[in-house]
$ cat protein_33.txt   # compact mmCIF, C-alpha atoms
# COMPACT_ATOMS: atom_id res chain seq x y z
CA MET K 1 -23.21 -26.79 25.46
CA ASP K 2 -25.08 -26.34 22.15
CA ALA K 3 -27.28 -23.66 23.71
CA GLU K 4 -24.21 -21.86 25.01
CA ARG K 5 -22.51 -22.05 21.62
CA ARG K 6 -25.53 -20.56 19.88
CA LEU K 7 -25.03 -17.43 21.98
CA THR K 8 -21.45 -16.89 20.79
CA ILE K 9 -20.37 -14.83 17.80
CA GLN K 10 -19.28 -18.10 16.20
CA GLY K 11 -22.75 -19.57 16.67
CA ALA K 12 -24.37 -16.44 15.25
CA LEU K 13 -21.98 -16.51 12.31
CA ASP K 14 -22.68 -20.17 11.58
CA ARG K 15 -26.44 -19.69 11.73
CA ALA K 16 -26.33 -16.55 9.56
CA THR K 17 -24.21 -18.34 6.96
CA ALA K 18 -26.59 -21.31 6.87
CA VAL K 19 -29.72 -19.15 6.59
CA LEU K 20 -28.25 -17.01 3.82
CA ALA K 21 -26.99 -20.06 1.93
CA THR K 22 -30.44 -21.66 2.07
CA ALA K 23 -31.94 -18.43 0.73
CA GLY K 24 -29.59 -18.53 -2.26
CA ILE K 25 -27.49 -15.51 -1.26
CA ARG K 26 -24.16 -15.55 -3.09
CA GLU K 27 -21.07 -15.78 -0.86
CA PRO K 28 -23.16 -16.35 2.29
CA ARG K 29 -20.16 -16.59 4.63
CA ARG K 30 -18.73 -13.30 3.42
CA GLU K 31 -22.11 -11.57 3.75
CA ALA K 32 -22.65 -13.04 7.22
CA ILE K 33 -19.30 -11.71 8.42
CA ARG K 34 -20.03 -8.25 7.05
CA LEU K 35 -23.56 -8.24 8.43
CA LEU K 36 -22.44 -9.18 11.94
CA GLY K 37 -19.55 -6.74 11.80
CA ASP K 38 -21.72 -3.78 10.80
CA LEU K 39 -24.44 -4.59 13.32
CA LEU K 40 -22.06 -5.26 16.20
CA GLY K 41 -19.78 -2.32 15.44
CA MET K 42 -16.83 -4.63 14.71
CA THR K 43 -14.45 -4.95 11.81
CA GLN K 44 -14.67 -8.13 9.78
CA ALA K 45 -11.34 -9.21 11.27
CA GLU K 46 -12.74 -8.69 14.78
CA VAL K 47 -15.73 -10.88 13.94
CA ILE K 48 -13.44 -13.67 12.79
CA LEU K 49 -10.99 -13.33 15.68
CA GLY K 50 -13.61 -12.79 18.37
CA ARG K 51 -15.81 -15.76 17.58
CA ALA K 52 -15.78 -17.02 21.16
CA GLY K 53 -17.33 -13.79 22.40
CA VAL K 54 -20.72 -14.22 24.05
CA LEU K 55 -23.82 -12.36 22.91
CA GLU K 56 -26.68 -11.40 25.17
CA PRO K 57 -29.91 -13.25 24.22
CA ASP K 58 -31.66 -10.01 23.21
CA ARG K 59 -28.80 -9.07 20.92
CA ARG K 60 -28.75 -12.54 19.40
CA ARG K 61 -32.47 -12.32 18.63
CA TRP K 62 -31.88 -8.89 17.08
CA LEU K 63 -29.17 -10.39 14.87
CA ASP K 64 -31.44 -13.27 13.88
CA ARG K 65 -34.13 -10.82 12.73
CA ALA K 66 -31.58 -8.94 10.65
CA VAL K 67 -30.39 -12.17 9.04
CA GLU K 68 -33.97 -13.09 8.17
CA ARG K 69 -34.48 -9.70 6.51
CA ARG K 70 -31.42 -10.26 4.33
CA ALA K 71 -32.55 -13.79 3.52
CA ARG K 72 -35.86 -12.37 2.25
CA GLY K 73 -33.93 -10.25 -0.25
CA GLU K 74 -33.60 -6.91 1.50
CA PRO K 75 -30.28 -5.31 0.44
CA LEU K 76 -27.53 -5.68 3.00
CA ALA K 77 -27.00 -1.93 3.33
CA TYR K 78 -30.65 -1.43 4.31
CA VAL K 79 -30.48 -4.25 6.84
CA THR K 80 -27.37 -2.86 8.55
CA GLY K 81 -28.18 0.80 7.87
CA LEU K 82 -24.62 1.39 6.68
CA ALA K 83 -22.87 1.87 3.34
CA GLY K 84 -19.23 2.62 2.67
CA PHE K 85 -18.35 5.29 0.10
CA ARG K 86 -14.74 6.34 -0.45
CA ARG K 87 -13.57 7.55 3.01
CA LEU K 88 -17.09 7.77 4.43
CA GLU K 89 -19.36 5.43 6.36
CA LEU K 90 -22.87 6.58 5.56
CA ARG K 91 -26.24 5.92 7.10
CA VAL K 92 -28.63 4.60 4.49
CA ASP K 93 -32.20 3.35 4.39
CA ARG K 94 -35.03 2.88 1.91
CA ARG K 95 -35.51 6.63 1.51
CA THR K 96 -32.39 6.78 -0.68
CA LEU K 97 -30.52 4.80 -3.30
CA ILE K 98 -27.65 2.70 -1.96
CA PRO K 99 -24.36 4.32 -3.13
CA ARG K 100 -22.60 2.20 -5.76
CA PRO K 101 -18.83 1.75 -6.17
CA GLU K 102 -18.84 3.24 -9.67
CA THR K 103 -20.25 6.51 -8.33
CA GLU K 104 -17.00 7.04 -6.43
CA GLY K 105 -15.39 7.82 -9.80
CA VAL K 106 -17.49 10.99 -10.07
CA VAL K 107 -15.50 12.38 -7.14
CA ASP K 108 -12.18 11.44 -8.76
CA HIS K 109 -13.07 13.32 -11.93
CA ALA K 110 -14.38 16.32 -10.01
CA LEU K 111 -11.26 16.63 -7.85
CA ARG K 112 -9.04 16.40 -10.93
CA LEU K 113 -10.94 18.94 -13.00
CA CYS K 114 -12.15 21.41 -10.38
CA PRO K 115 -10.80 20.84 -6.84
CA CYS K 116 -11.86 24.23 -5.42
CA GLY K 117 -14.47 26.97 -5.77
CA ASP K 118 -18.21 26.45 -5.23
CA ALA K 119 -19.69 23.01 -5.90
CA VAL K 120 -23.17 21.52 -6.09
CA ASP K 121 -24.32 17.89 -6.00
CA ILE K 122 -27.60 17.42 -7.86
CA GLY K 123 -29.75 14.52 -6.61
CA THR K 124 -27.67 14.04 -3.50
CA GLY K 125 -29.52 11.08 -1.89
CA THR K 126 -27.38 10.02 1.07
CA GLY K 127 -25.11 13.01 0.45
CA CYS K 128 -22.28 10.74 -0.68
CA LEU K 129 -20.94 13.00 -3.43
CA ALA K 130 -21.37 16.30 -1.62
CA LEU K 131 -19.85 15.01 1.61
CA SER K 132 -16.91 13.45 -0.23
CA LEU K 133 -16.24 16.72 -2.05
CA ARG K 134 -16.29 18.60 1.25
CA LEU K 135 -13.94 16.10 2.88
CA GLU K 136 -11.48 15.70 0.01
CA GLY K 137 -11.63 19.00 -1.88
CA ARG K 138 -10.89 22.65 -1.14
CA TYR K 139 -14.30 24.12 -1.84
CA ARG K 140 -15.64 27.37 -0.39
CA CYS K 141 -19.17 26.01 -0.43
CA VAL K 142 -20.76 22.65 -1.21
CA LEU K 143 -24.50 22.41 -1.88
CA ALA K 144 -26.46 19.16 -1.78
CA VAL K 145 -29.72 19.32 -3.78
CA ASP K 146 -32.54 16.79 -3.92
CA ARG K 147 -36.23 17.01 -4.74
CA SER K 148 -37.04 14.41 -2.07
CA ALA K 149 -37.48 15.71 1.46
CA GLU K 150 -36.98 12.16 2.72
CA ALA K 151 -33.63 11.84 0.96
CA LEU K 152 -32.52 15.21 2.34
CA ALA K 153 -33.34 13.97 5.84
CA VAL K 154 -30.90 11.10 5.32
CA ALA K 155 -28.27 13.48 3.95
CA ALA K 156 -28.80 15.75 6.95
CA ASP K 157 -28.22 12.84 9.31
CA ASN K 158 -24.99 11.95 7.52
CA ARG K 159 -23.87 15.57 7.53
CA HIS K 160 -24.43 15.76 11.28
CA ARG K 161 -22.72 12.45 12.05
CA LEU K 162 -19.68 13.26 9.92
CA GLY K 163 -19.42 16.90 10.96
CA LEU K 164 -19.02 18.16 7.40
CA ALA K 165 -20.29 21.59 6.33
CA VAL K 166 -22.65 20.96 3.43
CA ASP K 167 -25.74 23.08 2.69
CA LEU K 168 -28.94 21.18 1.87
CA VAL K 169 -31.45 22.47 -0.67
CA ARG K 170 -34.76 20.96 -1.69
CA ALA K 171 -35.28 21.53 -5.41
CA ASP K 172 -35.79 19.78 -8.72
CA LEU K 173 -32.38 19.47 -10.38
CA THR K 174 -30.83 22.95 -10.95
CA SER K 175 -34.09 24.93 -10.72
CA ALA K 176 -33.15 26.67 -7.44
CA LEU K 177 -29.66 27.73 -8.52
CA ALA K 178 -28.81 31.24 -9.66
CA SER K 179 -27.08 31.91 -12.94
CA ALA K 180 -23.26 31.68 -12.90
CA SER K 181 -23.36 30.61 -9.25
CA VAL K 182 -21.08 27.53 -9.11
CA ASP K 183 -17.79 26.25 -10.49
CA LEU K 184 -18.66 22.55 -10.37
CA ILE K 185 -21.78 20.46 -10.88
CA VAL K 186 -21.65 16.77 -9.96
CA SER K 187 -24.55 14.38 -10.23
CA ASN K 188 -25.60 10.77 -10.25
CA PRO K 189 -29.06 11.37 -11.71
CA PRO K 190 -31.60 8.65 -12.45
CA TYR K 191 -30.67 7.18 -15.84
CA ILE K 192 -32.68 3.98 -16.33
CA SER K 193 -35.46 3.87 -18.90
CA ALA K 194 -38.98 2.80 -17.96
CA ALA K 195 -38.53 -0.49 -19.83
CA GLU K 196 -35.19 -1.16 -18.16
CA TYR K 197 -36.63 -0.39 -14.75
CA ALA K 198 -39.27 -3.11 -15.17
CA GLY K 199 -36.49 -5.65 -15.78
CA LEU K 200 -34.32 -4.79 -12.77
CA ASP K 201 -33.40 -7.28 -10.08
CA PRO K 202 -36.45 -7.97 -7.88
CA ASP K 203 -34.53 -6.84 -4.78
CA VAL K 204 -33.96 -3.42 -6.36
CA LEU K 205 -37.58 -3.12 -7.47
CA ALA K 206 -38.88 -4.07 -4.04
CA PHE K 207 -36.66 -1.84 -1.92
CA GLU K 208 -34.89 1.03 -3.68
CA PRO K 209 -36.72 4.30 -4.53
CA ARG K 210 -37.97 4.39 -8.10
CA MET K 211 -37.52 8.15 -8.44
CA ALA K 212 -33.76 7.72 -7.93
CA LEU K 213 -33.51 5.18 -10.76
CA GLU K 214 -35.99 5.73 -13.58
CA SER K 215 -35.73 8.66 -15.98
CA GLY K 216 -38.34 8.55 -18.71
CA ALA K 217 -38.79 6.50 -21.84
CA ASP K 218 -35.16 6.77 -22.98
CA GLY K 219 -33.48 7.02 -19.58
CA LEU K 220 -32.12 10.48 -20.45
CA GLU K 221 -34.84 12.76 -19.09
CA ALA K 222 -32.92 13.94 -16.00
CA THR K 223 -29.55 14.05 -17.79
CA ARG K 224 -31.06 16.04 -20.66
CA ARG K 225 -32.49 18.69 -18.33
CA LEU K 226 -29.36 18.83 -16.19
CA VAL K 227 -27.01 19.25 -19.14
CA ALA K 228 -29.26 21.81 -20.85
CA ASP K 229 -29.29 24.08 -17.79
CA GLY K 230 -25.64 23.50 -16.89
CA PRO K 231 -24.24 26.43 -18.92
CA ARG K 232 -26.59 28.82 -17.14
CA VAL K 233 -25.64 27.68 -13.65
CA LEU K 234 -21.88 27.32 -14.18
CA ARG K 235 -19.35 30.12 -14.18
CA THR K 236 -17.00 30.35 -17.14
CA GLY K 237 -14.36 27.65 -16.77
CA GLY K 238 -16.67 25.56 -14.61
CA TRP K 239 -17.14 21.80 -15.00
CA LEU K 240 -20.00 19.35 -15.23
CA VAL K 241 -19.36 15.76 -14.05
CA VAL K 242 -22.28 13.35 -14.44
CA GLU K 243 -22.63 9.60 -14.02
CA ILE K 244 -24.40 8.12 -17.03
CA ALA K 245 -25.73 4.80 -18.29
CA ALA K 246 -23.01 2.74 -19.97
CA ASP K 247 -24.98 2.41 -23.21
CA ARG K 248 -25.80 6.13 -23.48
CA GLY K 249 -22.33 7.61 -23.66
CA GLU K 250 -22.65 8.96 -27.21
CA ALA K 251 -26.15 10.30 -26.61
CA SER K 252 -25.05 12.03 -23.38
CA ALA K 253 -22.00 13.57 -25.04
CA ARG K 254 -24.17 14.82 -27.88
CA LEU K 255 -26.46 16.55 -25.36
CA ALA K 256 -23.45 18.35 -23.87
CA VAL K 257 -22.18 19.50 -27.24
CA GLU K 258 -25.65 20.74 -28.21
CA ALA K 259 -25.85 22.67 -24.94
CA GLY K 260 -22.66 24.55 -25.86
CA PHE K 261 -20.17 22.77 -23.62
CA GLY K 262 -16.55 22.30 -24.65
CA GLN K 263 -13.97 19.63 -23.80
CA VAL K 264 -16.74 17.02 -23.77
CA ARG K 265 -15.56 13.53 -22.80
CA VAL K 266 -17.02 10.21 -21.72
CA ASP K 267 -14.66 8.14 -19.55
CA ASP K 268 -14.87 4.52 -18.45
CA ASP K 269 -15.47 3.28 -14.92
CA VAL K 270 -13.31 0.69 -13.17
CA TYR K 271 -15.18 -2.06 -15.04
CA GLY K 272 -14.31 -0.59 -18.44
CA ARG K 273 -17.82 0.74 -19.13
CA PRO K 274 -18.56 4.30 -20.36
CA ARG K 275 -19.75 5.94 -17.14
CA TYR K 276 -18.64 9.57 -16.64
CA LEU K 277 -19.63 12.56 -18.76
CA THR K 278 -17.37 15.57 -18.23
CA ALA K 279 -17.78 18.94 -19.93
CA CYS K 280 -16.49 22.48 -19.46
CA LYS K 281 -18.26 25.82 -19.85
CA GLU K 282 -15.71 27.63 -21.97
CA GLU K 283 -15.44 31.35 -22.64
CA ARG K 284 -17.18 32.33 -25.84
$ encode --input "protein_33.txt" --output "structure tokens"
Amino acid sequence: MDAERRLTIQGALDRATAVLATAGIREPRREAIRLLGDLLGMTQAEVILGRAGVLEPDRRRWLDRAVERRARGEPLAYVTGLAGFRRLELRVDRRTLIPRPETEGVVDHALRLCPCGDAVDIGTGTGCLALSLRLEGRYRCVLAVDRSAEALAVAADNRHRLGLAVDLVRADLTSALASASVDLIVSNPPYISAAEYAGLDPDVLAFEPRMALESGADGLEATRRLVADGPRVLRTGGWLVVEIAADRGEASARLAVEAGFGQVRVDDDVYGRPRYLTACKEER
């Protein structure tokens, strides 16, 4: 009987919860339900309601290996290969940063300020911003730029799976873009200083790509270059929307003003932290 029970979804769920709890994972039951749901292609409700369902031994061993990976600290999104972002379910692995909830606010600001025209996502990673703009906006063209060929491969996979028309470009920030070529720039650039990077959670340090996180001694290297070249790339009336570090709002706004932008603002994220720099290229 015990052997039979271990091959049910309930048995897998119980074991996953116990293993994650022993490893010190917070909310182990919740994580176990999500992990099984993502790996088995089920909703969390289906996992809970279908606990008597029987798993083939090979599938159960596959689940056990995934649970062990999570218990060793590997981020859940990398274990399951999936990350939710707004209306999208994205493929994700260690070649890209895992999309964060606060980054979804970049899309909200972009759609409010500039819902149509030509848009570019700088440092696209999984493609989360570019693909969301294509799905939710009315853009003629959406470009997804990244300097990492590996990240662009992930974005290409997501583009194909979702069937969304986004053009991929390998380049360093805005270097490949022509002057006055777009109406909207969005970006979640790296914005952690070298010192801050050294103090990150060990799971982040061990698994997520450094080049997507660290940005020089003051954490502003990528933002500084992006903002400085923004007026060249944008058409008159175009908008820049950039995710920034919560403690660098004033410094980021100052960069935008110095670059000649108007209507410069820094808005809070859902947690009440300064997170979004917005600026307009006004007619002179």
$ closest_residue --input "protein_33.txt" --among "K:Pro75, K:Pro115, K:Gly53, K:Gly81" --to "K:Trp239" --atoms "all atoms listed in the file"
K:Pro115
$ closest_residue --input "protein_33.txt" --among "K:Val107, K:Val204, K:Leu143, K:Leu133" --to "K:Glu74" --atoms "only C-alpha atoms"
K:Val204
$ closest_residue --input "protein_33.txt" --among "K:Arg161, K:Arg232, K:Pro101, K:Leu152" --to "K:Ser175" --atoms "only C-alpha atoms"
K:Arg232
$ residues_around --input "protein_33.txt" --residues "K:Ala251" --least-positions-apart "2" --cutoff "12 Å" --atoms "all atoms listed in the file" --output "list in words"
Asp218, Gly219, Leu220, Glu221, Thr223, Arg224, Val227, Ile244, Ala245, Ala246, Asp247, Arg248, Gly249, Ala253, Arg254, Leu255, Ala256, Val257, Glu258, Val264, Arg265, Val266, Pro274 and Leu277 of chain K
$ closest_residue --input "protein_33.txt" --among "K:Asp267, K:Ile185, K:Glu104, K:Arg86" --to "K:Glu250" --atoms "only C-alpha atoms"
K:Asp267
